[in-house]
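> Have a peek at final10.pdb (PDB, C-alpha atoms).
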```
MODEL        1
ATOM      1  CA  MET A   1     -19.855  -8.339  -4.456
ATOM      2  CA  ASN A   2     -18.425  -5.259  -6.078
ATOM      3  CA  PHE A   3     -15.445  -4.768  -3.762
ATOM      4  CA  ILE A   4     -14.126  -1.402  -4.977
ATOM      5  CA  ARG A   5     -17.550   0.228  -5.241
ATOM      6  CA  ALA A   6     -18.298  -0.854  -1.685
ATOM      7  CA  LEU A   7     -15.062   0.702  -0.481
ATOM      8  CA  LEU A   8     -15.671   4.060  -2.118
ATOM      9  CA  SER A   9     -19.292   4.253  -1.067
ATOM     10  CA  ARG A  10     -18.410   4.319   2.640
ATOM     11  CA  GLN A  11     -17.526   7.421   4.592
ATOM     12  CA  ILE A  12     -14.604   6.039   6.600
ATOM     13  CA  LYS A  13     -12.740   7.858   9.347
ATOM     14  CA  HIS A  14      -8.992   8.178   9.778
ATOM     15  CA  TYR A  15      -7.872   7.886   6.159
ATOM     16  CA  GLY A  16      -5.644  10.922   6.255
ATOM     17  CA  THR A  17      -5.628  14.497   7.469
ATOM     18  CA  SER A  18      -5.523  17.695   5.497
ATOM     19  CA  VAL A  19      -2.202  19.512   5.632
ATOM     20  CA  ARG A  20      -4.102  22.795   5.942
ATOM     21  CA  ASP A  21      -7.106  22.297   8.189
ATOM     22  CA  ASN A  22      -6.409  18.906   9.801
ATOM     23  CA  LYS A  23      -9.801  17.604   8.650
ATOM     24  CA  VAL A  24     -10.381  13.884   8.241
ATOM     25  CA  ARG A  25     -10.513  12.805   4.606
ATOM     26  CA  THR A  26     -12.813  10.247   3.025
ATOM     27  CA  PRO A  27     -11.225   7.736   0.612
ATOM     28  CA  ALA A  28     -12.595   9.629  -2.420
ATOM     29  CA  GLN A  29     -11.199  12.954  -1.170
ATOM     30  CA  ALA A  30      -7.818  11.432  -0.388
ATOM     31  CA  LEU A  31      -7.649   9.782  -3.808
ATOM     32  CA  LYS A  32      -8.442  13.083  -5.525
ATOM     33  CA  THR A  33      -5.765  14.862  -3.488
ATOM     34  CA  GLU A  34      -3.240  12.121  -4.219
ATOM     35  CA  GLN A  35      -3.836  12.450  -7.960
ATOM     36  CA  LYS A  36      -3.459  16.224  -7.729
ATOM     37  CA  VAL A  37      -0.114  15.910  -5.930
ATOM     38  CA  LEU A  38       1.154  13.341  -8.446
ATOM     39  CA  GLU A  39       0.080  15.546 -11.359
ATOM     40  CA  VAL A  40       1.833  18.571  -9.843
ATOM     41  CA  SER A  41       4.973  16.449  -9.446
ATOM     42  CA  MET A  42       4.763  15.185 -13.030
ATOM     43  CA  PHE A  43       4.285  18.627 -14.598
ATOM     44  CA  SER A  44       7.032  20.036 -12.371
ATOM     45  CA  ALA A  45       9.413  17.390 -13.734
ATOM     46  CA  LEU A  46       8.342  18.382 -17.249
ATOM     47  CA  PHE A  47       9.084  22.037 -16.473
ATOM     48  CA  LEU A  48      12.514  21.097 -15.097
ATOM     49  CA  ALA A  49      13.243  19.048 -18.216
ATOM     50  CA  ILE A  50      12.279  21.909 -20.543
ATOM     51  CA  PHE A  51      14.281  24.370 -18.455
ATOM     52  CA  GLY A  52      17.348  22.106 -18.464
ATOM     53  CA  ILE A  53      17.290  21.472 -22.211
ATOM     54  CA  GLY A  54      16.573  25.114 -23.036
ATOM     55  CA  PHE A  55      19.189  26.494 -20.640
ATOM     56  CA  GLY A  56      21.718  23.947 -21.893
ATOM     57  CA  ILE A  57      21.208  25.108 -25.455
ATOM     58  CA  TYR A  58      21.500  28.750 -24.345
ATOM     59  CA  VAL A  59      24.810  28.322 -22.465
ATOM     60  CA  LYS A  60      26.012  25.614 -24.894
ATOM     61  CA  SER A  61      26.497  23.054 -22.128
ATOM     62  CA  MET A  62      26.038  19.393 -23.031
ATOM     63  CA  ALA A  63      26.031  18.423 -19.339
ATOM     64  CA  VAL A  64      23.069  20.696 -18.573
ATOM     65  CA  MET A  65      21.233  19.496 -21.678
ATOM     66  CA  PHE A  66      21.811  15.877 -20.661
ATOM     67  CA  ASP A  67      20.419  16.633 -17.197
ATOM     68  CA  GLY A  68      17.293  18.022 -18.854
ATOM     69  CA  PHE A  69      16.838  14.878 -20.917
ATOM     70  CA  VAL A  70      17.265  12.764 -17.770
ATOM     71  CA  ALA A  71      14.447  14.808 -16.209
ATOM     72  CA  LEU A  72      12.205  13.604 -19.043
ATOM     73  CA  VAL A  73      12.529  10.110 -17.569
ATOM     74  CA  SER A  74      10.977  11.476 -14.377
ATOM     75  CA  VAL A  75       8.063  12.784 -16.437
ATOM     76  CA  GLY A  76       7.403   9.279 -17.747
ATOM     77  CA  LEU A  77       7.634   7.798 -14.250
ATOM     78  CA  GLY A  78       5.326  10.501 -12.940
ATOM     79  CA  MET A  79       2.757   9.728 -15.624
ATOM     80  CA  LEU A  80       2.894   6.082 -14.603
ATOM     81  CA  SER A  81       2.113   7.060 -11.001
ATOM     82  CA  VAL A  82      -0.842   9.231 -12.058
ATOM     83  CA  ILE A  83      -2.345   6.421 -14.140
ATOM     84  CA  THR A  84      -1.824   3.915 -11.330
ATOM     85  CA  SER A  85      -3.488   6.205  -8.790
ATOM     86  CA  ARG A  86      -6.561   6.407 -11.019
ATOM     87  CA  TYR A  87      -6.772   2.633 -11.321
ATOM     88  CA  ILE A  88      -6.256   1.679  -7.663
ATOM     89  CA  TYR A  89      -9.889   2.209  -6.698
ATOM     90  CA  LYS A  90     -11.297   1.295 -10.087
ATOM     91  CA  GLU A  91     -14.146  -1.213  -9.956
ATOM     92  CA  ASP A  92     -13.209  -4.849 -10.310
ATOM     93  CA  ASP A  93     -14.094  -6.533 -13.595
ATOM     94  CA  ASP A  94     -14.111  -9.972 -15.223
ATOM     95  CA  VAL A  95     -10.339  -9.865 -15.778
ATOM     96  CA  PHE A  96      -9.174  -8.270 -12.512
ATOM     97  CA  GLN A  97     -11.728  -9.737 -10.142
ATOM     98  CA  TYR A  98      -9.817  -8.544  -7.057
ATOM     99  CA  GLY A  99      -9.461  -5.031  -8.469
ATOM    100  CA  TYR A 100      -6.279  -3.240  -9.470
ATOM    101  CA  VAL A 101      -4.648  -3.024  -6.037
ATOM    102  CA  ARG A 102      -1.526  -4.962  -7.100
ATOM    103  CA  PHE A 103      -0.648  -2.281  -9.640
ATOM    104  CA  GLU A 104       0.626   0.005  -6.880
ATOM    105  CA  PRO A 105       3.492  -2.189  -5.580
ATOM    106  CA  MET A 106       4.419  -3.080  -9.179
ATOM    107  CA  VAL A 107       4.791   0.588 -10.146
ATOM    108  CA  ASN A 108       6.558   1.513  -6.904
ATOM    109  CA  LEU A 109       9.019  -1.362  -7.361
ATOM    110  CA  PHE A 110       9.753  -0.309 -10.941
ATOM    111  CA  LYS A 111      10.223   3.363 -10.040
ATOM    112  CA  SER A 112      12.426   2.608  -7.045
ATOM    113  CA  LEU A 113      14.631   0.329  -9.173
ATOM    114  CA  VAL A 114      15.001   3.138 -11.715
ATOM    115  CA  LEU A 115      16.119   5.444  -8.893
ATOM    116  CA  VAL A 116      18.602   2.818  -7.694
ATOM    117  CA  PHE A 117      19.929   2.571 -11.250
ATOM    118  CA  VAL A 118      20.366   6.354 -11.420
ATOM    119  CA  CYS A 119      22.325   6.338  -8.153
ATOM    120  CA  VAL A 120      24.488   3.387  -9.206
ATOM    121  CA  TYR A 121      25.139   4.965 -12.608
ATOM    122  CA  ALA A 122      26.156   8.226 -10.937
ATOM    123  CA  PHE A 123      28.507   6.351  -8.571
ATOM    124  CA  ILE A 124      30.150   4.357 -11.377
ATOM    125  CA  ASN A 125      30.549   7.488 -13.486
ATOM    126  CA  ALA A 126      32.098   9.356 -10.537
ATOM    127  CA  LEU A 127      34.418   6.463  -9.729
ATOM    128  CA  HIS A 128      35.540   6.284 -13.354
ATOM    129  CA  SER A 129      36.327  10.017 -13.312
ATOM    130  CA  ILE A 130      38.374   9.680 -10.104
ATOM    131  CA  ILE A 131      40.390   6.781 -11.527
ATOM    132  CA  ASN A 132      41.106   8.819 -14.651
ATOM    133  CA  GLY A 133      42.386  11.867 -12.782
ATOM    134  CA  GLY A 134      39.184  13.781 -12.186
ATOM    135  CA  TYR A 135      38.075  16.704 -14.339
ATOM    136  CA  ASP A 136      37.951  20.490 -14.387
ATOM    137  CA  VAL A 137      34.607  22.031 -13.515
ATOM    138  CA  GLU A 138      33.634  25.169 -15.422
ATOM    139  CA  VAL A 139      32.055  27.578 -12.950
ATOM    140  CA  GLY A 140      29.658  29.471 -15.166
ATOM    141  CA  GLY A 141      26.222  28.739 -16.548
ATOM    142  CA  ALA A 142      26.161  25.388 -14.791
ATOM    143  CA  VAL A 143      26.176  27.182 -11.413
ATOM    144  CA  VAL A 144      23.088  29.205 -12.312
ATOM    145  CA  TYR A 145      21.316  26.111 -13.562
ATOM    146  CA  SER A 146      22.263  24.034 -10.503
ATOM    147  CA  LEU A 147      21.119  26.790  -8.128
ATOM    148  CA  CYS A 148      17.764  27.210  -9.879
ATOM    149  CA  ALA A 149      17.250  23.455 -10.114
ATOM    150  CA  PHE A 150      18.164  22.965  -6.449
ATOM    151  CA  VAL A 151      15.660  25.578  -5.250
ATOM    152  CA  PHE A 152      12.977  24.151  -7.511
ATOM    153  CA  CYS A 153      13.592  20.553  -6.373
ATOM    154  CA  ALA A 154      13.727  21.617  -2.720
ATOM    155  CA  LEU A 155      10.296  23.237  -3.059
ATOM    156  CA  LEU A 156       8.851  20.111  -4.679
ATOM    157  CA  TYR A 157      10.497  17.909  -2.046
ATOM    158  CA  GLY A 158       8.862  19.941   0.742
ATOM    159  CA  TYR A 159       5.518  19.969  -1.062
ATOM    160  CA  THR A 160       5.378  16.202  -1.602
ATOM    161  CA  LEU A 161       6.700  15.533   1.914
ATOM    162  CA  LEU A 162       3.655  17.263   3.405
ATOM    163  CA  TYR A 163       1.340  14.926   1.522
ATOM    164  CA  VAL A 164       3.392  11.824   2.257
ATOM    165  CA  ARG A 165       2.537  12.392   5.916
ATOM    166  CA  ALA A 166      -1.063  13.461   5.305
ATOM    167  CA  LEU A 167      -2.072  10.765   2.791
ATOM    168  CA  GLU A 168       0.223   7.879   3.741
ATOM    169  CA  SER A 169       0.558   7.160   0.014
ATOM    170  CA  ASP A 170       3.429   5.016  -1.252
ATOM    171  CA  LEU A 171       3.043   6.524  -4.730
ATOM    172  CA  VAL A 172       3.611  10.026  -3.350
ATOM    173  CA  LYS A 173       6.405   8.675  -1.123
ATOM    174  CA  VAL A 174       8.343   7.397  -4.148
ATOM    175  CA  ASP A 175       7.907  10.756  -5.902
ATOM    176  CA  ASN A 176       9.126  12.474  -2.747
ATOM    177  CA  THR A 177      12.214  10.236  -2.697
ATOM    178  CA  GLU A 178      12.885  11.130  -6.327
ATOM    179  CA  TRP A 179      12.797  14.860  -5.559
ATOM    180  CA  LYS A 180      15.052  14.304  -2.546
ATOM    181  CA  ILE A 181      17.658  12.568  -4.707
ATOM    182  CA  ASP A 182      17.563  15.388  -7.280
ATOM    183  CA  CYS A 183      17.751  17.995  -4.535
ATOM    184  CA  VAL A 184      20.794  16.441  -2.834
ATOM    185  CA  LEU A 185      22.658  15.901  -6.120
ATOM    186  CA  TYR A 186      22.175  19.544  -7.133
ATOM    187  CA  LEU A 187      23.258  20.629  -3.662
ATOM    188  CA  GLY A 188      26.381  18.495  -4.017
ATOM    189  CA  ALA A 189      27.163  20.190  -7.312
ATOM    190  CA  LEU A 190      26.770  23.618  -5.700
ATOM    191  CA  VAL A 191      29.108  22.620  -2.847
ATOM    192  CA  ALA A 192      31.675  21.484  -5.399
ATOM    193  CA  PHE A 193      31.348  24.750  -7.308
ATOM    194  CA  GLY A 194      31.783  26.713  -4.080
ATOM    195  CA  ILE A 195      34.948  24.846  -3.047
ATOM    196  CA  ILE A 196      36.474  25.280  -6.493
ATOM    197  CA  TYR A 197      35.576  28.984  -6.586
ATOM    198  CA  TRP A 198      36.946  29.811  -3.118
ATOM    199  CA  LEU A 199      39.976  27.517  -3.369
ATOM    200  CA  PRO A 200      41.022  27.803  -7.028
ATOM    201  CA  HIS A 201      44.611  26.653  -6.365
ATOM    202  CA  LEU A 202      43.664  23.522  -4.433
ATOM    203  CA  HIS A 203      45.664  20.601  -5.852
ATOM    204  CA  ILE A 204      42.801  18.123  -5.529
ATOM    205  CA  LYS A 205      40.140  20.370  -7.062
ATOM    206  CA  ARG A 206      39.819  18.028 -10.065
ATOM    207  CA  TYR A 207      38.602  15.302  -7.687
ATOM    208  CA  ILE A 208      36.146  17.359  -5.618
ATOM    209  CA  ASP A 209      33.087  17.071  -7.852
ATOM    210  CA  PRO A 210      33.380  13.317  -8.667
ATOM    211  CA  ALA A 211      34.233  12.503  -5.024
ATOM    212  CA  LEU A 212      31.138  14.333  -3.755
ATOM    213  CA  LEU A 213      29.024  12.667  -6.430
ATOM    214  CA  ALA A 214      30.307   9.216  -5.443
ATOM    215  CA  ILE A 215      29.581   9.763  -1.740
ATOM    216  CA  LEU A 216      26.138  11.294  -2.264
ATOM    217  CA  SER A 217      25.013   8.677  -4.797
ATOM    218  CA  LEU A 218      25.861   5.870  -2.371
ATOM    219  CA  MET A 219      24.022   7.594   0.486
ATOM    220  CA  LEU A 220      20.972   8.245  -1.681
ATOM    221  CA  CYS A 221      20.747   4.590  -2.704
ATOM    222  CA  VAL A 222      19.406   3.641   0.727
ATOM    223  CA  SER A 223      15.879   5.083   0.414
ATOM    224  CA  PRO A 224      14.945   3.607  -2.999
ATOM    225  CA  ILE A 225      16.426   0.226  -2.013
ATOM    226  CA  ARG A 226      14.199   0.151   1.086
ATOM    227  CA  ILE A 227      11.169   1.055  -1.028
ATOM    228  CA  ALA A 228      12.069  -1.612  -3.590
ATOM    229  CA  VAL A 229      12.426  -4.304  -0.919
ATOM    230  CA  ALA A 230       9.119  -3.357   0.747
ATOM    231  CA  ASN A 231       7.183  -3.439  -2.525
ATOM    232  CA  PHE A 232       8.870  -6.646  -3.657
ATOM    233  CA  LYS A 233       7.626  -8.234  -0.427
ATOM    234  CA  ASP A 234       4.129  -7.005  -1.258
ATOM    235  CA  LEU A 235       4.294  -8.603  -4.706
ATOM    236  CA  MET A 236       5.559 -11.856  -3.189
ATOM    237  CA  MET A 237       2.699 -11.630  -0.646
ATOM    238  CA  VAL A 238       5.070 -11.858   2.320
ATOM    239  CA  ALA A 239       3.003 -11.756   5.506
ATOM    240  CA  PRO A 240       3.386  -8.401   7.338
ATOM    241  CA  LYS A 241       4.790  -9.326  10.747
ATOM    242  CA  GLU A 242       2.818  -6.729  12.689
ATOM    243  CA  ILE A 243      -0.554  -7.740  11.215
ATOM    244  CA  ASP A 244       0.277 -11.442  11.484
ATOM    245  CA  GLU A 245       1.025 -11.097  15.185
ATOM    246  CA  LYS A 246      -2.055  -8.950  15.755
ATOM    247  CA  ILE A 247      -4.493 -11.373  14.104
ATOM    248  CA  THR A 248      -2.926 -14.257  16.068
ATOM    249  CA  ASN A 249      -3.468 -12.418  19.352
ATOM    250  CA  ILE A 250      -7.037 -11.558  18.354
ATOM    251  CA  MET A 251      -7.864 -15.154  17.507
ATOM    252  CA  GLU A 252      -6.245 -16.488  20.682
ATOM    253  CA  SER A 253      -8.514 -14.203  22.700
ATOM    254  CA  LEU A 254     -11.661 -15.109  20.734
ATOM    255  CA  SER A 255     -10.833 -18.815  20.913
ATOM    256  CA  VAL A 256     -10.756 -18.651  24.683
ATOM    257  CA  GLU A 257     -13.982 -16.663  24.804
ATOM    258  CA  TYR A 258     -15.986 -18.805  22.362
ATOM    259  CA  GLY A 259     -14.215 -22.103  22.902
ATOM    260  CA  PHE A 260     -13.057 -22.517  19.302
ATOM    261  CA  SER A 261     -11.153 -25.763  18.739
ATOM    262  CA  ASP A 262      -8.587 -24.271  16.354
ATOM    263  CA  TYR A 263      -8.086 -21.587  13.732
ATOM    264  CA  ASP A 264      -5.897 -20.771  10.738
ATOM    265  CA  THR A 265      -4.970 -17.317   9.442
ATOM    266  CA  HIS A 266      -3.406 -15.945   6.257
ATOM    267  CA  VAL A 267      -2.334 -12.320   5.831
ATOM    268  CA  ALA A 268      -0.789 -10.401   2.953
ATOM    269  CA  LYS A 269      -0.286  -6.787   1.918
ATOM    270  CA  SER A 270      -0.518  -5.215  -1.527
ATOM    271  CA  GLY A 271       0.359  -1.547  -1.568
ATOM    272  CA  ARG A 272      -2.060   0.208   0.761
ATOM    273  CA  PHE A 273      -4.445  -2.759   0.983
ATOM    274  CA  TYR A 274      -4.413  -5.768   3.314
ATOM    275  CA  MET A 275      -5.804  -9.244   2.711
ATOM    276  CA  VAL A 276      -6.730 -11.173   5.853
ATOM    277  CA  GLU A 277      -8.255 -14.645   5.803
ATOM    278  CA  VAL A 278      -9.407 -16.391   8.986
ATOM    279  CA  ASN A 279     -10.678 -19.978   9.118
ATOM    280  CA  ILE A 280     -12.225 -20.993  12.435
ATOM    281  CA  LEU A 281     -12.750 -24.570  13.604
ATOM    282  CA  THR A 282     -15.723 -24.676  15.942
ATOM    283  CA  HIS A 283     -16.554 -27.424  18.412
ATOM    284  CA  LYS A 284     -19.556 -29.656  17.815
ATOM    285  CA  ASN A 285     -21.631 -27.924  20.467
ATOM    286  CA  PHE A 286     -21.155 -24.480  18.917
ATOM    287  CA  LYS A 287     -24.693 -23.612  17.807
ATOM    288  CA  PRO A 288     -25.227 -19.924  17.129
ATOM    289  CA  LYS A 289     -28.878 -18.932  17.055
ATOM    290  CA  THR A 290     -28.651 -16.305  14.299
ATOM    291  CA  MET A 291     -26.335 -15.228  11.497
ATOM    292  CA  GLN A 292     -25.826 -12.014  13.429
ATOM    293  CA  GLU A 293     -23.584 -13.893  15.854
ATOM    294  CA  PHE A 294     -21.217 -14.755  12.980
ATOM    295  CA  ASP A 295     -21.261 -11.135  11.828
ATOM    296  CA  ASP A 296     -20.535  -9.943  15.362
ATOM    297  CA  ILE A 297     -17.375 -12.074  15.450
ATOM    298  CA  ARG A 298     -16.286 -10.696  12.049
ATOM    299  CA  GLU A 299     -16.959  -7.170  13.260
ATOM    300  CA  ARG A 300     -14.851  -7.713  16.386
ATOM    301  CA  ILE A 301     -11.956  -9.050  14.306
ATOM    302  CA  GLN A 302     -12.127  -6.091  11.916
ATOM    303  CA  LYS A 303     -12.238  -3.519  14.727
ATOM    304  CA  ALA A 304      -9.422  -5.201  16.640
ATOM    305  CA  LEU A 305      -7.181  -5.128  13.563
ATOM    306  CA  GLU A 306      -7.555  -1.304  13.534
ATOM    307  CA  ILE A 307      -7.401  -1.189   9.741
ATOM    308  CA  PRO A 308     -10.045   0.958   7.984
ATOM    309  CA  SER A 309     -12.527  -1.284   6.168
ATOM    310  CA  TYR A 310     -11.779   0.319   2.784
ATOM    311  CA  LYS A 311      -8.148  -0.850   3.120
ATOM    312  CA  ILE A 312      -8.792  -4.480   4.029
ATOM    313  CA  TRP A 313     -10.206  -7.574   2.349
ATOM    314  CA  LEU A 314     -11.358  -9.592   5.356
ATOM    315  CA  SER A 315     -12.662 -13.122   4.931
ATOM    316  CA  VAL A 316     -13.836 -15.113   7.990
ATOM    317  CA  SER A 317     -15.168 -18.643   7.606
ATOM    318  CA  PHE A 318     -16.478 -21.149  10.139
ATOM    319  CA  THR A 319     -16.319 -24.930   9.941
ATOM    320  CA  ALA A 320     -16.690 -27.964  12.180
ATOM    321  CA  ASN A 321     -14.538 -30.089   9.858
ATOM    322  CA  PRO A 322     -10.731 -29.852  10.431
ATOM    323  CA  GLN A 323      -9.999 -30.574   6.761
ATOM    324  CA  TRP A 324     -11.276 -27.098   5.792
ATOM    325  CA  LEU A 325      -8.687 -25.293   7.866
TER     326      LEU A 325
ENDMDL
END
```
Translate the structure of the given file into structure tokens.

Amino acid sequence: MNFIRALLSRQIKHYGTSVRDNKVRTPAQALKTEQKVLEVSMFSALFLAIFGIGFGIYVKSMAVMFDGFVALVSVGLGMLSVITSRYIYKEDDDVFQYGYVRFEPMVNLFKSLVLVFVCVYAFINALHSIINGGYDVEVGGAVVYSLCAFVFCALLYGYTLLYVRALESDLVKVDNTEWKIDCVLYLGALVAFGIIYWLPHLHIKRYIDPALLAILSLMLCVSPIRIAVANFKDLMMVAPKEIDEKITNIMESLSVEYGFSDYDTHVAKSGRFYMVEVNILTHKNFKPKTMQEFDDIRERIQKALEIPSYKIWLSVSFTANPQWL
């Protein structure tokens, strides 16, 4: 069975809603929109990188230039997300016989760890500056750059946030987290500039910028760490508690109704896809008249799980021999 082709060929309801007209999307439409959002994010990061490097050269600021080069890292991460999005629904082949669904948690884990590294690096750098007496902040070209970058990042944060809610895409969610981190860090820099400008004779002004950076970097670590943990669980195939409990309740109900002797279930999650395996031990007198009866039970399990069929690999087997459970 060609799993991915079967998924894309169906017109499934409830995948995601349009942020403009609230229309239900099909998987193909949602995938196309997701790729568009990721491409906009990637090219926006490229624009920010070019702007940072160019503006840094113009005002002769190494700090601004360095920020522009750091933005180039985001371009590479964004390209990785775009490529992954294109492969998620790619048809399975002889090498990847279950498709490319595991690429998504791998990429999200890598990107979130990079974001954690950026936050930790910023905290260590800020802490080092505080220990060494802080530093003087030159209120000049850096203010203009920080203001422009903040507005730009805020717009991209709002843009990606809309699609995080509409598409329920982890790839877009990680990009959104990245823009949030950039946005907050630039805002912190602007706050520091404002305090130094309005209170030029403040004795602790040398510590304001590194102190704000240290606090913000620690706060911003929370989101990427959560994303990293969630995607690491997906890679380790940790059973999602909610789905595990739901399939147990479903099978308890069906066992009572059909008189099944026992059952065994296995659940796992990989990115946006779920794998659910159900093995049912029937009693010796269980004699269905047609194959349709087996399909009806599978259909009831799938509907009760309330997971769209394009997002689930559901396998239901029946046996009268306990050793096959």
> Considering only C-alpha atoms, return as a PyMOL selection string whatever protein or nucleic-acid residues lie within 10 Å of Ile215 (chain A), sequence-local ones (same chain, fewer than 5 positions apart) excluded.
chain A and resi 122-123+126-127+188+210+220
> Return the padded bounding box of region 294-297 of chain A as lines of an AutoDock Vina configuration file: axis-aligned, built from all atoms listed in the file, 4 Å added on each side, with centre and edge lengths in Å to one decimal.

```
center_x = -19.3
center_y = -12.3
center_z = 13.6
size_x = 11.9
size_y = 12.8
size_z = 11.6
```
> Between A:Tyr89, A:Tyr135, A:Tyr186, A:Phe103, which residue has the minimum interatomic distance to Ile208 (chain A), considering all atoms listed in the file?
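Smallest distance to Ile208 (chain A) is found for A:Tyr135.
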> For Leu72 (chain A), which residue out of A:Phe55, A:Phe193, A:Tyr310, A:Phe43 is the nearest one, using all atoms listed in the file?
A:Phe43
> Please indicate the distance in Å from CA of Ser315 (chain A) to CA of Lys303 (chain A), rounded to one decimal place.
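Calculated distance between CA of Ser315 (chain A) and CA of Lys303 (chain A) is 13.7 Å.
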> Evaluate the PyMOL selection byres ((chain A and resi 105-113) around 7) against this structure - the residues, as an MDAnalysis selection string, please.
chainID A and resid 77 102:104 114:117 171 174 224:225 227:228 231:232 234:235 270:271
> For a quick check of understanding, using all atoms listed in the file, which of A:Lys284, A:Val73, A:His201, A:Asp262 has the smallest distance to Gln323 (chain A)?
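Among the listed residues, A:Asp262 lies closest to Gln323 (chain A).
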> Leaving out Tyr263 (chain A) and any residue of its chain fewer than 6 positions from it, which residues lie within 7 Å of it when counting only C-alpha atoms, given as a VMD selection string?
chain A and resid 279 to 281 325
> As an exercise, work out the distance from CA of Pro240 (chain A) to CA of Ala268 (chain A) in Å and give it to one decimal place.
6.4 Å
> Pull out every residue that the PyMOL selection byres ((chain A and resi 258) around 10) matches in the shown coordinates and put them as a list in words.
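Selection result, ordered by chain and number: Ser253, Leu254, Ser255, Val256, Glu257, Gly259, Phe260, Ser261, Thr282, His283, Phe286 and Ile297 of chain A.
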> Starting from the point (-9.9, 7.9, -7.0), work out which residues of protein, DNA or RNA have an atom no more than 9 Å away when counting only C-alpha atoms; state them as a VMD selection string.
chain A and resid 8 27 to 35 85 to 90
> Which residue is closest to Gly158 (chain A)? Choose from A:Asp296, A:Cys183, A:Ser146, A:Leu190 and count all atoms listed in the file.
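Result for the nearest residue to Gly158 (chain A): A:Cys183.
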> Just checking: using all atoms listed in the file, which residue out of A:Tyr121, A:Tyr207, A:Tyr157, A:Trp324 ends up closest to Gly133 (chain A)?
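That would be A:Tyr207, the residue with the smallest distance to Gly133 (chain A).
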> Please indicate the distance in Å from CA of Trp198 (chain A) to CA of Gly140 (chain A), rounded to one decimal place.
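Between CA of Trp198 (chain A) and CA of Gly140 (chain A) the gap is 14.1 Å.
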> Using all atoms listed in the file, pick whichever of A:Val222, A:Leu38, A:Val316, A:Ile57 has the shortest atom-to-atom distance to Leu167 (chain A).
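Under the stated criterion, the closest residue is A:Leu38.
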> Can I get region 286-297 of chain A with N, CA, C and O atoms filled in, as an mmCIF file, keeping the file's coordinate frame?

```cif
data_model
loop_
_atom_site.group_PDB
_atom_site.id
_atom_site.type_symbol
_atom_site.label_atom_id
_atom_site.label_comp_id
_atom_site.auth_asym_id
_atom_site.auth_seq_id
_atom_site.Cartn_x
_atom_site.Cartn_y
_atom_site.Cartn_z
ATOM 1 N N PHE A 286 -21.026 -25.899 19.267
ATOM 2 C CA PHE A 286 -21.155 -24.480 18.917
ATOM 3 C C PHE A 286 -22.375 -24.318 18.011
ATOM 4 O O PHE A 286 -22.365 -24.710 16.843
ATOM 5 N N LYS A 287 -23.450 -23.742 18.560
ATOM 6 C CA LYS A 287 -24.693 -23.612 17.807
ATOM 7 C C LYS A 287 -25.231 -22.192 17.931
ATOM 8 O O LYS A 287 -26.070 -21.894 18.792
ATOM 9 N N PRO A 288 -24.717 -21.301 17.096
ATOM 10 C CA PRO A 288 -25.227 -19.924 17.129
ATOM 11 C C PRO A 288 -26.692 -19.881 16.705
ATOM 12 O O PRO A 288 -27.130 -20.657 15.853
ATOM 13 N N LYS A 289 -27.444 -18.994 17.306
ATOM 14 C CA LYS A 289 -28.878 -18.932 17.055
ATOM 15 C C LYS A 289 -29.201 -18.143 15.790
ATOM 16 O O LYS A 289 -30.187 -18.436 15.107
ATOM 17 N N THR A 290 -28.394 -17.128 15.491
ATOM 18 C CA THR A 290 -28.651 -16.305 14.299
ATOM 19 C C THR A 290 -27.357 -16.042 13.554
ATOM 20 O O THR A 290 -26.252 -16.220 14.083
ATOM 21 N N MET A 291 -27.507 -15.605 12.298
ATOM 22 C CA MET A 291 -26.335 -15.228 11.497
ATOM 23 C C MET A 291 -25.643 -14.006 12.077
ATOM 24 O O MET A 291 -24.460 -13.781 11.841
ATOM 25 N N GLN A 292 -26.398 -13.222 12.839
ATOM 26 C CA GLN A 292 -25.826 -12.014 13.429
ATOM 27 C C GLN A 292 -24.657 -12.337 14.343
ATOM 28 O O GLN A 292 -23.704 -11.553 14.462
ATOM 29 N N GLU A 293 -24.675 -13.497 14.962
ATOM 30 C CA GLU A 293 -23.584 -13.893 15.854
ATOM 31 C C GLU A 293 -22.280 -14.069 15.055
ATOM 32 O O GLU A 293 -21.208 -13.718 15.537
ATOM 33 N N PHE A 294 -22.392 -14.638 13.840
ATOM 34 C CA PHE A 294 -21.217 -14.755 12.980
ATOM 35 C C PHE A 294 -20.703 -13.366 12.588
ATOM 36 O O PHE A 294 -19.506 -13.098 12.611
ATOM 37 N N ASP A 295 -21.646 -12.493 12.238
ATOM 38 C CA ASP A 295 -21.261 -11.135 11.828
ATOM 39 C C ASP A 295 -20.630 -10.361 12.979
ATOM 40 O O ASP A 295 -19.731 -9.544 12.777
ATOM 41 N N ASP A 296 -21.110 -10.613 14.196
ATOM 42 C CA ASP A 296 -20.535 -9.943 15.362
ATOM 43 C C ASP A 296 -19.064 -10.333 15.552
ATOM 44 O O ASP A 296 -18.221 -9.492 15.894
ATOM 45 N N ILE A 297 -18.763 -11.617 15.323
ATOM 46 C CA ILE A 297 -17.375 -12.074 15.450
ATOM 47 C C ILE A 297 -16.504 -11.428 14.376
ATOM 48 O O ILE A 297 -15.393 -10.974 14.651
#
```
